[in-house]
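Engineer: Pasting work_17.cif below, which is mmCIF, C-alpha atoms.
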data_final
#
loop_
_atom_site.label_atom_id
_atom_site.label_comp_id
_atom_site.auth_asym_id
_atom_site.auth_seq_id
_atom_site.Cartn_x
_atom_site.Cartn_y
_atom_site.Cartn_z
CA MET A 272 1.87 -26.93 22.29
CA LYS A 273 3.90 -23.80 22.88
CA PRO A 274 2.01 -21.14 24.89
CA ASP A 275 2.08 -18.69 21.98
CA GLU A 276 1.28 -21.23 19.27
CA ALA A 277 -1.58 -20.12 17.03
CA VAL A 278 -4.60 -22.43 17.16
CA ILE A 279 -7.96 -22.39 15.39
CA LEU A 280 -10.87 -22.03 17.81
CA SER A 281 -13.75 -21.86 15.33
CA ALA A 282 -14.32 -21.63 11.59
CA VAL A 283 -17.59 -20.78 9.92
CA ARG A 284 -18.88 -19.76 6.52
CA THR A 285 -22.13 -18.78 4.93
CA PRO A 286 -23.56 -20.98 2.21
CA PHE A 287 -22.15 -19.79 -1.09
CA GLY A 288 -24.95 -18.25 -3.15
CA ARG A 289 -25.06 -18.03 -6.91
CA ARG A 290 -24.34 -14.63 -8.41
CA ASN A 291 -27.70 -12.85 -8.65
CA GLY A 292 -29.19 -15.69 -6.62
CA ALA A 293 -30.47 -16.05 -3.07
CA LEU A 294 -28.03 -13.54 -1.54
CA ARG A 295 -28.39 -10.87 -4.22
CA HIS A 296 -30.14 -8.47 -1.84
CA THR A 297 -27.76 -9.04 1.08
CA ARG A 298 -25.00 -6.49 1.52
CA PRO A 299 -21.47 -7.91 1.78
CA ASP A 300 -20.83 -6.17 5.11
CA THR A 301 -23.95 -7.90 6.45
CA LEU A 302 -22.56 -11.28 5.33
CA LEU A 303 -19.18 -10.62 6.92
CA ALA A 304 -20.68 -9.35 10.17
CA ALA A 305 -22.79 -12.51 10.42
CA VAL A 306 -19.81 -14.88 10.22
CA ILE A 307 -17.76 -12.73 12.61
CA GLN A 308 -20.54 -13.02 15.18
CA ALA A 309 -20.93 -16.75 14.55
CA ALA A 310 -17.19 -17.47 14.89
CA LEU A 311 -17.11 -15.73 18.27
CA GLN A 312 -20.29 -17.40 19.46
CA ARG A 313 -19.19 -20.89 18.47
CA ALA A 314 -15.91 -20.50 20.36
CA GLN A 315 -17.48 -18.55 23.24
CA VAL A 316 -14.88 -15.78 22.97
CA PRO A 317 -16.02 -12.27 23.95
CA GLY A 318 -15.65 -9.69 21.19
CA GLU A 319 -13.48 -7.44 23.33
CA ARG A 320 -10.81 -10.16 23.41
CA VAL A 321 -10.22 -9.87 19.65
CA GLY A 322 -7.08 -7.91 18.85
CA ASP A 323 -7.68 -7.41 15.13
CA VAL A 324 -10.06 -8.33 12.29
CA LEU A 325 -8.26 -9.08 9.02
CA ALA A 326 -10.62 -9.53 6.08
CA GLY A 327 -9.91 -10.66 2.54
CA CYS A 328 -11.85 -8.92 -0.20
CA VAL A 329 -10.91 -8.61 -3.87
CA SER A 330 -13.17 -5.95 -5.39
CA GLN A 331 -12.79 -3.26 -2.75
CA ALA A 332 -15.26 -0.76 -4.17
CA GLY A 333 -18.85 0.25 -3.55
CA GLU A 334 -20.29 -1.68 -0.63
CA GLN A 335 -16.96 -3.49 -0.30
CA GLY A 336 -14.91 -0.32 -0.22
CA GLY A 337 -13.90 1.87 2.70
CA ASN A 338 -12.17 -0.96 4.62
CA ILE A 339 -15.00 -3.47 4.90
CA ALA A 340 -13.14 -5.30 7.69
CA ARG A 341 -13.55 -2.35 10.04
CA GLN A 342 -17.13 -1.66 9.00
CA ALA A 343 -18.21 -5.29 9.39
CA ALA A 344 -16.51 -5.57 12.79
CA LEU A 345 -18.50 -2.57 14.04
CA LEU A 346 -21.67 -3.91 12.41
CA ALA A 347 -21.11 -7.23 14.20
CA GLY A 348 -21.12 -5.44 17.54
CA LEU A 349 -17.43 -5.64 18.34
CA PRO A 350 -16.18 -2.82 20.56
CA ALA A 351 -14.87 0.29 18.81
CA ALA A 352 -11.42 -0.53 20.23
CA VAL A 353 -11.16 -3.58 17.93
CA PRO A 354 -9.47 -2.52 14.66
CA GLY A 355 -9.79 -4.04 11.20
CA ALA A 356 -7.88 -4.18 7.92
CA SER A 357 -8.91 -5.33 4.46
CA ILE A 358 -6.52 -7.46 2.39
CA ASN A 359 -6.43 -8.05 -1.36
CA ARG A 360 -4.27 -10.96 -2.46
CA MET A 361 -6.85 -11.70 -5.13
CA CYS A 362 -8.29 -15.22 -4.81
CA GLY A 363 -5.96 -16.00 -1.90
CA SER A 364 -7.15 -12.99 0.10
CA SER A 365 -8.94 -14.61 3.02
CA GLN A 366 -6.56 -17.56 3.22
CA TYR A 367 -3.78 -15.02 3.58
CA ALA A 368 -5.89 -13.07 6.11
CA VAL A 369 -5.98 -16.26 8.19
CA HIS A 370 -2.20 -16.57 7.81
CA ALA A 371 -1.69 -12.96 8.90
CA ALA A 372 -3.98 -13.38 11.91
CA ALA A 373 -2.12 -16.54 12.93
CA GLN A 374 1.23 -14.82 12.53
CA ALA A 375 0.12 -11.91 14.73
CA VAL A 376 -0.97 -14.36 17.42
CA ALA A 377 2.15 -16.55 17.13
CA SER A 378 4.39 -13.47 17.44
CA GLY A 379 2.76 -12.58 20.73
CA ASP A 380 1.34 -9.32 19.40
CA LEU A 381 -2.26 -10.50 19.86
CA ALA A 382 -4.04 -13.07 22.00
CA PHE A 383 -6.96 -13.52 19.59
CA ALA A 384 -7.54 -12.45 15.98
CA LEU A 385 -10.05 -13.05 13.22
CA GLY A 386 -8.99 -14.04 9.71
CA CYS A 387 -12.01 -13.70 7.47
CA GLY A 388 -13.23 -12.70 4.04
CA VAL A 389 -16.19 -11.70 1.93
CA GLU A 390 -17.25 -11.18 -1.67
CA SER A 391 -20.64 -10.29 -3.11
CA MET A 392 -20.21 -10.77 -6.82
CA SER A 393 -23.89 -9.92 -7.26
CA ARG A 394 -23.65 -6.48 -5.67
CA VAL A 395 -20.03 -5.55 -6.41
CA PRO A 396 -19.05 -6.63 -9.94
CA MET A 397 -15.56 -8.00 -10.43
CA PHE A 398 -13.05 -5.31 -11.49
CA LEU A 399 -15.25 -2.49 -10.15
CA ASP A 400 -12.26 -1.34 -8.12
CA LEU A 401 -10.23 -0.89 -11.33
CA THR A 402 -12.53 1.36 -13.34
CA LEU A 403 -13.55 5.00 -13.06
CA ASP A 404 -16.69 4.41 -15.12
CA PRO A 405 -18.79 1.43 -13.92
CA GLN A 406 -21.04 1.80 -16.98
CA LYS A 407 -18.29 0.82 -19.40
CA PRO A 408 -17.41 -2.84 -20.07
CA PHE A 409 -14.18 -3.64 -18.29
CA THR A 410 -11.91 -6.66 -18.37
CA GLY A 411 -9.25 -5.70 -15.86
CA PHE A 412 -6.48 -5.70 -18.47
CA ASP A 413 -6.62 -2.16 -19.80
CA ALA A 414 -5.38 -0.98 -16.39
CA LEU A 415 -2.19 -3.05 -16.48
CA HIS A 416 1.05 -1.17 -17.09
CA PRO A 417 2.32 -1.56 -20.67
CA GLY A 418 5.81 -2.21 -19.33
CA LEU A 419 4.50 -5.11 -17.27
CA LEU A 420 2.72 -6.61 -20.27
CA ALA A 421 5.88 -6.22 -22.34
CA ARG A 422 7.73 -8.33 -19.81
CA TYR A 423 4.92 -10.79 -19.08
CA PRO A 424 2.06 -11.01 -21.64
CA ILE A 425 -0.48 -11.79 -18.92
CA PRO A 426 -3.63 -13.25 -20.48
CA HIS A 427 -7.12 -13.70 -19.10
CA GLN A 428 -7.19 -16.49 -16.51
CA VAL A 429 -9.36 -18.56 -18.83
CA GLU A 430 -6.55 -18.55 -21.38
CA SER A 431 -4.07 -19.52 -18.65
CA ALA A 432 -6.34 -22.44 -17.75
CA GLU A 433 -6.34 -23.44 -21.44
CA LYS A 434 -2.53 -23.30 -21.54
CA ILE A 435 -2.36 -25.48 -18.42
CA ALA A 436 -4.61 -28.06 -20.06
CA GLU A 437 -2.35 -28.07 -23.12
CA THR A 438 0.88 -28.27 -21.13
CA TRP A 439 -0.28 -31.15 -18.95
CA ARG A 440 -2.25 -32.82 -21.77
CA ILE A 441 -5.55 -32.64 -19.94
CA SER A 442 -8.43 -33.37 -22.28
CA ARG A 443 -11.80 -31.65 -22.46
CA GLN A 444 -13.44 -34.95 -21.52
CA GLU A 445 -11.25 -35.28 -18.43
CA MET A 446 -12.13 -31.74 -17.37
CA ASP A 447 -15.86 -32.33 -17.87
CA ASP A 448 -15.66 -35.63 -15.99
CA TYR A 449 -13.94 -33.85 -13.13
CA ALA A 450 -16.62 -31.13 -13.07
CA MET A 451 -19.45 -33.65 -12.92
CA GLU A 452 -17.74 -35.50 -10.07
CA SER A 453 -17.39 -32.20 -8.20
CA HIS A 454 -21.16 -31.70 -8.35
CA ARG A 455 -21.79 -35.32 -7.33
CA ARG A 456 -19.54 -35.08 -4.30
CA ALA A 457 -20.90 -31.68 -3.30
CA ASP A 458 -24.47 -32.95 -3.51
CA GLU A 459 -23.64 -36.01 -1.42
CA ALA A 460 -22.12 -33.84 1.32
CA ARG A 461 -25.04 -31.42 1.25
CA GLN A 462 -27.69 -34.13 1.32
CA SER A 463 -25.87 -35.95 4.13
CA GLY A 464 -25.77 -32.86 6.35
CA TRP A 465 -21.99 -32.97 6.79
CA HIS A 466 -21.40 -29.22 6.43
CA HIS A 467 -21.38 -28.25 10.10
CA GLU A 468 -19.25 -25.22 9.22
CA ILE A 469 -22.12 -23.57 7.34
CA LEU A 470 -24.14 -20.79 8.97
CA PRO A 471 -27.65 -20.72 7.48
CA ILE A 472 -28.55 -17.22 6.37
CA ASP A 473 -31.59 -15.35 5.14
CA GLY A 474 -32.02 -15.28 1.38
CA VAL A 475 -34.67 -14.61 -1.25
CA GLY A 476 -36.06 -16.86 -3.95
CA LYS A 477 -36.47 -16.04 -7.63
CA ASP A 478 -39.90 -14.59 -6.87
CA GLY A 479 -38.52 -12.45 -4.05
CA ASP A 480 -40.00 -14.52 -1.22
CA PRO A 481 -37.69 -14.85 1.81
CA PHE A 482 -36.28 -18.21 2.84
CA THR A 483 -33.32 -19.58 4.77
CA LEU A 484 -30.37 -20.59 2.61
CA ALA A 485 -28.76 -23.52 4.42
CA GLY A 486 -26.56 -25.01 1.69
CA ASP A 487 -24.46 -24.00 -1.28
CA GLU A 488 -26.70 -22.77 -4.06
CA GLY A 489 -24.53 -23.56 -7.08
CA ILE A 490 -24.66 -27.36 -6.87
CA ARG A 491 -26.39 -28.70 -9.98
CA VAL A 492 -28.30 -31.93 -9.50
CA PRO A 493 -29.09 -34.03 -11.32
CA VAL A 494 -26.03 -33.41 -13.46
CA ASP A 495 -26.96 -32.83 -17.11
CA GLU A 496 -24.09 -34.65 -18.80
CA ALA A 497 -25.22 -33.88 -22.33
CA ARG A 498 -25.42 -30.16 -21.60
CA ILE A 499 -22.01 -30.10 -19.93
CA ARG A 500 -20.31 -31.94 -22.77
CA GLY A 501 -22.06 -29.77 -25.34
CA MET A 502 -21.10 -26.39 -23.90
CA ALA A 503 -18.96 -24.15 -26.07
CA PRO A 504 -15.50 -23.09 -24.82
CA VAL A 505 -15.42 -19.67 -23.18
CA PHE A 506 -12.93 -18.03 -25.54
CA ARG A 507 -11.47 -20.53 -27.98
CA SER A 508 -13.09 -22.37 -30.86
CA PRO A 509 -14.67 -25.77 -30.20
CA ASP A 510 -11.79 -27.59 -31.90
CA SER A 511 -9.10 -26.01 -29.69
CA GLY A 512 -10.87 -24.88 -26.51
CA ARG A 513 -11.38 -26.95 -23.39
CA VAL A 514 -12.44 -24.45 -20.71
CA THR A 515 -16.19 -23.94 -20.45
CA ALA A 516 -18.50 -22.37 -17.90
CA ALA A 517 -19.27 -25.89 -16.68
CA ASN A 518 -15.69 -26.91 -15.84
CA ALA A 519 -14.74 -23.60 -14.21
CA SER A 520 -15.69 -22.09 -10.85
CA GLN A 521 -18.95 -20.21 -10.38
CA MET A 522 -19.16 -16.54 -9.46
CA SER A 523 -20.75 -16.40 -6.03
CA ASP A 524 -21.65 -14.47 -2.90
CA GLY A 525 -20.47 -15.46 0.56
CA ALA A 526 -18.38 -14.83 3.66
CA ALA A 527 -16.26 -16.87 6.06
CA ALA A 528 -14.38 -16.33 9.33
CA VAL A 529 -11.71 -18.22 11.26
CA LEU A 530 -11.08 -17.33 14.92
CA ILE A 531 -7.47 -17.80 15.99
CA GLY A 532 -6.00 -17.61 19.47
CA GLY A 533 -2.78 -18.27 21.29
CA ALA A 534 -2.66 -21.68 22.97
CA ALA A 535 -2.11 -20.16 26.42
CA ALA A 536 -4.85 -17.56 25.96
CA ALA A 537 -7.28 -20.25 24.80
CA HIS A 538 -6.37 -22.46 27.75
CA ALA A 539 -6.97 -19.59 30.17
CA LEU A 540 -10.54 -19.31 28.91
CA GLY A 541 -11.07 -23.08 29.03
CA LEU A 542 -11.33 -23.34 25.25
CA LYS A 543 -10.60 -26.46 23.21
CA PRO A 544 -8.69 -25.72 19.99
CA LEU A 545 -9.87 -27.38 16.79
CA ALA A 546 -6.53 -27.35 14.99
CA ARG A 547 -3.07 -25.84 14.81
CA PHE A 548 -0.99 -24.64 11.89
CA ARG A 549 1.84 -26.81 10.62
CA SER A 550 2.78 -24.42 7.81
CA ARG A 551 1.65 -21.24 6.06
CA VAL A 552 2.98 -20.44 2.59
CA VAL A 553 2.62 -17.90 -0.19
CA VAL A 554 4.60 -18.15 -3.43
CA GLY A 555 4.96 -16.40 -6.74
CA SER A 556 4.76 -18.36 -10.00
CA ASP A 557 4.74 -17.87 -13.78
CA PRO A 558 2.49 -14.82 -14.45
CA VAL A 559 1.45 -16.16 -17.87
CA LEU A 560 0.36 -19.62 -16.77
CA GLN A 561 -0.79 -17.75 -13.61
CA LEU A 562 -2.53 -20.64 -11.87
CA THR A 563 0.22 -23.26 -11.52
CA GLY A 564 1.49 -21.84 -8.23
CA VAL A 565 -0.58 -24.46 -6.42
CA VAL A 566 2.15 -27.00 -7.18
CA PRO A 567 5.19 -25.22 -5.67
CA ALA A 568 3.07 -23.79 -2.86
CA ALA A 569 1.84 -27.23 -1.85
CA ARG A 570 5.33 -28.71 -2.06
CA GLN A 571 6.77 -25.91 0.08
CA ALA A 572 3.96 -26.17 2.65
CA LEU A 573 4.42 -29.94 2.95
CA ARG A 574 8.17 -29.56 3.23
CA GLN A 575 7.90 -26.94 5.97
CA ALA A 576 5.41 -29.11 7.82
CA GLY A 577 7.71 -32.13 7.56
CA LEU A 578 4.93 -34.13 5.94
CA SER A 579 4.12 -35.73 2.58
CA ILE A 580 1.07 -35.63 0.35
CA GLN A 581 0.35 -39.19 1.49
CA ASP A 582 0.08 -37.94 5.09
CA MET A 583 -2.81 -35.64 4.17
CA ASP A 584 -6.24 -36.92 5.18
CA TRP A 585 -7.96 -34.03 3.39
CA ILE A 586 -6.79 -31.89 0.47
CA GLU A 587 -8.60 -28.76 -0.70
CA VAL A 588 -7.46 -27.38 -4.05
CA ASN A 589 -9.62 -24.48 -5.12
CA GLU A 590 -11.33 -25.44 -8.34
CA ALA A 591 -10.89 -22.15 -10.15
CA PHE A 592 -10.74 -24.34 -13.25
CA ALA A 593 -10.79 -28.11 -13.60
CA SER A 594 -7.41 -27.96 -15.34
CA VAL A 595 -5.83 -26.43 -12.20
CA ALA A 596 -7.00 -29.23 -9.92
CA LEU A 597 -6.03 -31.86 -12.50
CA CYS A 598 -2.60 -30.29 -12.99
CA PHE A 599 -2.14 -30.46 -9.20
CA ALA A 600 -3.16 -34.11 -9.24
CA ARG A 601 -0.73 -34.89 -12.07
CA GLU A 602 2.19 -33.32 -10.19
CA LEU A 603 1.51 -34.24 -6.54
CA GLN A 604 -0.15 -37.62 -7.12
CA PRO A 605 -2.57 -37.43 -4.15
CA ASP A 606 -5.13 -40.06 -3.25
CA ARG A 607 -7.99 -38.79 -5.43
CA GLN A 608 -10.54 -39.75 -2.77
CA ARG A 609 -8.86 -37.23 -0.47
CA LEU A 610 -8.75 -34.46 -3.08
CA ASN A 611 -11.80 -32.19 -2.69
CA PRO A 612 -13.88 -34.99 -1.14
CA TRP A 613 -16.97 -32.77 -0.88
CA GLY A 614 -16.55 -31.20 -4.31
CA GLY A 615 -15.16 -27.75 -4.95
CA ALA A 616 -15.74 -24.34 -6.46
CA ILE A 617 -17.01 -25.81 -9.73
CA ALA A 618 -20.00 -26.98 -7.71
CA HIS A 619 -20.29 -24.79 -4.63
CA GLY A 620 -18.95 -21.56 -6.09
CA HIS A 621 -16.07 -19.16 -5.57
CA PRO A 622 -16.85 -15.86 -3.80
CA LEU A 623 -13.34 -14.55 -4.43
CA GLY A 624 -12.41 -12.87 -1.15
CA ALA A 625 -14.26 -15.40 1.01
CA THR A 626 -13.20 -18.71 -0.52
CA GLY A 627 -9.87 -19.18 1.28
CA ALA A 628 -11.29 -18.91 4.79
CA GLY A 629 -14.36 -20.82 3.65
CA LEU A 630 -12.28 -23.77 2.46
CA ILE A 631 -10.40 -23.85 5.79
CA ALA A 632 -13.76 -24.09 7.56
CA LYS A 633 -14.94 -26.76 5.14
CA MET A 634 -11.69 -28.74 5.53
CA LEU A 635 -11.97 -28.69 9.32
CA ALA A 636 -15.53 -30.04 9.09
CA GLY A 637 -14.34 -32.72 6.68
CA LEU A 638 -11.41 -33.75 8.89
CA ALA A 639 -13.77 -34.05 11.85
CA ARG A 640 -16.20 -36.14 9.78
CA ARG A 641 -13.41 -38.52 8.71
CA ASP A 642 -11.56 -38.37 12.05
CA GLY A 643 -8.54 -37.21 10.05
CA GLN A 644 -5.44 -35.49 11.38
CA PHE A 645 -3.76 -33.49 8.60
CA GLY A 646 -5.21 -31.22 5.95
CA LEU A 647 -3.72 -29.23 3.06
CA GLN A 648 -5.45 -26.27 1.45
CA VAL A 649 -4.04 -24.50 -1.60
CA MET A 650 -5.36 -21.77 -3.89
CA CYS A 651 -4.18 -20.40 -7.23
CA ILE A 652 -4.04 -16.63 -7.60
CA GLY A 653 -4.09 -14.30 -10.60
CA HIS A 654 -0.85 -12.86 -12.01
CA GLY A 655 0.98 -15.94 -10.76
CA MET A 656 0.79 -16.60 -7.01
CA ALA A 657 -0.58 -19.22 -4.64
CA THR A 658 -1.31 -19.69 -0.95
CA ALA A 659 -1.07 -22.98 0.94
CA THR A 660 -1.84 -24.05 4.49
CA VAL A 661 -1.23 -27.30 6.34
CA ILE A 662 -3.24 -27.77 9.52
CA GLU A 663 -3.30 -30.49 12.15
CA ARG A 664 -6.63 -31.30 13.71
CA LEU A 665 -6.47 -31.58 17.50
#
In structure tokens, what does this structure look like?
Structural biologist:
Amino acid sequence: MKPDEAVILSAVRTPFGRRNGALRHTRPDTLLAAVIQAALQRAQVPGERVGDVLAGCVSQAGEQGGNIARQAALLAGLPAAVPGASINRMCGSSQYAVHAAAQAVASGDLAFALGCGVESMSRVPMFLDLTLDPQKPFTGFDALHPGLLARYPIPHQVESAEKIAETWRISRQEMDDYAMESHRRADEARQSGWHHEILPIDGVGKDGDPFTLAGDEGIRVPVDEARIRGMAPVFRSPDSGRVTAANASQMSDGAAAVLIGGAAAAHALGLKPLARFRSRVVVGSDPVLQLTGVVPAARQALRQAGLSIQDMDWIEVNEAFASVALCFARELQPDRQRLNPWGGAIAHGHPLGATGAGLIAKMLAGLARRDGQFGLQVMCIGHGMATATVIERL
């Protein structure tokens, strides 16, 4: 490796809790501080060595406002000299935070940096950052500029997911089948104890009694097939709609952190890197279909890495909707056993600003479990964008 090459030294995430579930009383800055501390402890890197904390967060309001990256870094006990910045690239926020941290290290600006993210969808409702009156119902669309909507009639993401299903001829049955398999795979990984990236964290039960949440809360087992197949579409009528709450991602609470260092700096401390970056990509895509950017982003990331989809031992495609993952599979033709092998956001949830870094941590644990070498992670983003990362396990 080159002395200034960016390498991953640790990657950790909280379990993803259901919205209004076990983590409903836990502040988001508390969640983020916990994973920052854990990432440093697992790598045995002193906090004063960190040059910057870059945190993804989508709804930057309330307890997630005021630059939560800086606040969580101080809460985690990092020295006051360590700065922090919060990033909003919507669902790709923390994956991009990891990219930005790696770029700062690779440029030689920093020796160590944290790319992380957080979202408490229980305590900070989605779109809270876009409204002046939290008491009024808000969809996030009345704030868009009329001129933008005249150029691109951007719909709700659910409608984009419906359009994707139509365009790629993905049936409701196929989407429901995919959702059930996501839960099955997620349950198998949880029951087998494979999630070494997860940091158990204090939570509360339905009755308010404290307990330790050690696994993702959204996994539904046993899968109720009749209920899933009988669910009504979110927006459309039953005869034309395919997207339901069961074949879309779950709103969740969680945090994740990835510690990145320069190869030479890591070597000087006697640290063993977990992985290095082969490519980091962000693309724009059709704002109306919105979620199809995973296809060009993955292709560009693979091309820049000099690798093919067949070279990937592990592929994480964020399951914002089943139709997105199935569209990706139609276009890239991956080995389906390597696509979200431990399930995805349909089962374990999608805490918006935390998911990107969380999936990197999950992918590293999966590569280690399978003794794999290469991994691809890709996420769709609202208004037509996508992030993609190819890593090589060391």
Engineer: Apply the PyMOL selection byres ((chain A and resi 356) around 9) to the structure shown and report the selected residues as a PDB file with C-alpha atoms, in the frame of the given file.
Structural biologist:
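This is the output file expr-v1.pdb:
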ATOM      1  CA  ASP A 323      -7.680  -7.410  15.130  1.00  0.00           C
ATOM      2  CA  VAL A 324     -10.060  -8.330  12.290  1.00  0.00           C
ATOM      3  CA  LEU A 325      -8.260  -9.080   9.020  1.00  0.00           C
ATOM      4  CA  ALA A 326     -10.620  -9.530   6.080  1.00  0.00           C
ATOM      5  CA  GLY A 327      -9.910 -10.660   2.540  1.00  0.00           C
ATOM      6  CA  ASN A 338     -12.170  -0.960   4.620  1.00  0.00           C
ATOM      7  CA  ILE A 339     -15.000  -3.470   4.900  1.00  0.00           C
ATOM      8  CA  ALA A 340     -13.140  -5.300   7.690  1.00  0.00           C
ATOM      9  CA  ARG A 341     -13.550  -2.350  10.040  1.00  0.00           C
ATOM     10  CA  PRO A 354      -9.470  -2.520  14.660  1.00  0.00           C
ATOM     11  CA  GLY A 355      -9.790  -4.040  11.200  1.00  0.00           C
ATOM     12  CA  SER A 357      -8.910  -5.330   4.460  1.00  0.00           C
ATOM     13  CA  ILE A 358      -6.520  -7.460   2.390  1.00  0.00           C
TER      14      ILE A 358
END
Engineer: For the provided coordinates, the residues matched by the PyMOL selection byres ((chain A and resi 331) around 12) should be stated as a CSV table (one decimal) with C-alpha atoms, in the coordinates of the input.
Structural biologist:
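The result, written out as result-v8.csv:
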chain,number,residue,atom,x,y,z
A,299,PRO,CA,-21.5,-7.9,1.8
A,300,ASP,CA,-20.8,-6.2,5.1
A,326,ALA,CA,-10.6,-9.5,6.1
A,327,GLY,CA,-9.9,-10.7,2.5
A,328,CYS,CA,-11.8,-8.9,-0.2
A,329,VAL,CA,-10.9,-8.6,-3.9
A,330,SER,CA,-13.2,-6.0,-5.4
A,332,ALA,CA,-15.3,-0.8,-4.2
A,333,GLY,CA,-18.8,0.2,-3.6
A,334,GLU,CA,-20.3,-1.7,-0.6
A,335,GLN,CA,-17.0,-3.5,-0.3
A,336,GLY,CA,-14.9,-0.3,-0.2
A,337,GLY,CA,-13.9,1.9,2.7
A,338,ASN,CA,-12.2,-1.0,4.6
A,339,ILE,CA,-15.0,-3.5,4.9
A,340,ALA,CA,-13.1,-5.3,7.7
A,356,ALA,CA,-7.9,-4.2,7.9
A,357,SER,CA,-8.9,-5.3,4.5
A,358,ILE,CA,-6.5,-7.5,2.4
A,359,ASN,CA,-6.4,-8.0,-1.4
A,360,ARG,CA,-4.3,-11.0,-2.5
A,361,MET,CA,-6.8,-11.7,-5.1
A,364,SER,CA,-7.2,-13.0,0.1
A,388,GLY,CA,-13.2,-12.7,4.0
A,389,VAL,CA,-16.2,-11.7,1.9
A,390,GLU,CA,-17.2,-11.2,-1.7
A,391,SER,CA,-20.6,-10.3,-3.1
A,392,MET,CA,-20.2,-10.8,-6.8
A,394,ARG,CA,-23.6,-6.5,-5.7
A,395,VAL,CA,-20.0,-5.6,-6.4
A,396,PRO,CA,-19.0,-6.6,-9.9
A,397,MET,CA,-15.6,-8.0,-10.4
A,398,PHE,CA,-13.0,-5.3,-11.5
A,399,LEU,CA,-15.2,-2.5,-10.2
A,400,ASP,CA,-12.3,-1.3,-8.1
A,401,LEU,CA,-10.2,-0.9,-11.3
A,402,THR,CA,-12.5,1.4,-13.3
A,623,LEU,CA,-13.3,-14.6,-4.4
A,624,GLY,CA,-12.4,-12.9,-1.2
Engineer: Determine the residue set returned by the PyMOL selection byres ((chain A and resi 379) around 12) for the present structure, and present it as a PyMOL selection string.
Structural biologist: chain A and resi 273-277+322+372-378+380-384+532-536
Engineer: Which residues come within 9 Å of Val566 of chain A, counting all atoms listed in the file, excluding same-chain residues fewer than 6 positions away, as a list in words?
Structural biologist: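 Result of the neighbour search: Cys598, Phe599, Glu602, Leu603, Val649 and Ala657 of chain A.
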Engineer: Considering only C-alpha atoms, can you say which of A:Ala546, A:Ala352, A:Ala639, A:Ile435 comes closest to Glu663 of chain A?
Structural biologist: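 Of the candidates, the smallest distance to Glu663 of chain A is held by A:Ala546.
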Engineer: Identify which of the residues A:Gly386, A:Pro317, A:Pro493, A:Gly363 lies closest to Leu530 of chain A, counting all atoms listed in the file when measuring atom-to-atom distances.
Structural biologist: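 So, comparing all the options, the nearest one is A:Gly386.
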Engineer: Excluding Ala293 of chain A and residues on its chain fewer than 5 positions from it, collect all residues at most 9 Å away from it, counting all atoms listed in the file, and give them as a count of residues only.
Structural biologist: 12
Engineer: Expressed in Å to a single decimal, how great is the separation between atom CA of Ala343 of chain A and atom CA of Thr658 of chain A?
Structural biologist: 24.5 Å
Engineer: So what do you get for atom CA of Asp606 of chain A versus atom CA of Val492 of chain A, distance-wise?
Structural biologist: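 Straight-line distance from atom CA of Asp606 of chain A to atom CA of Val492 of chain A works out to 25.3 Å.
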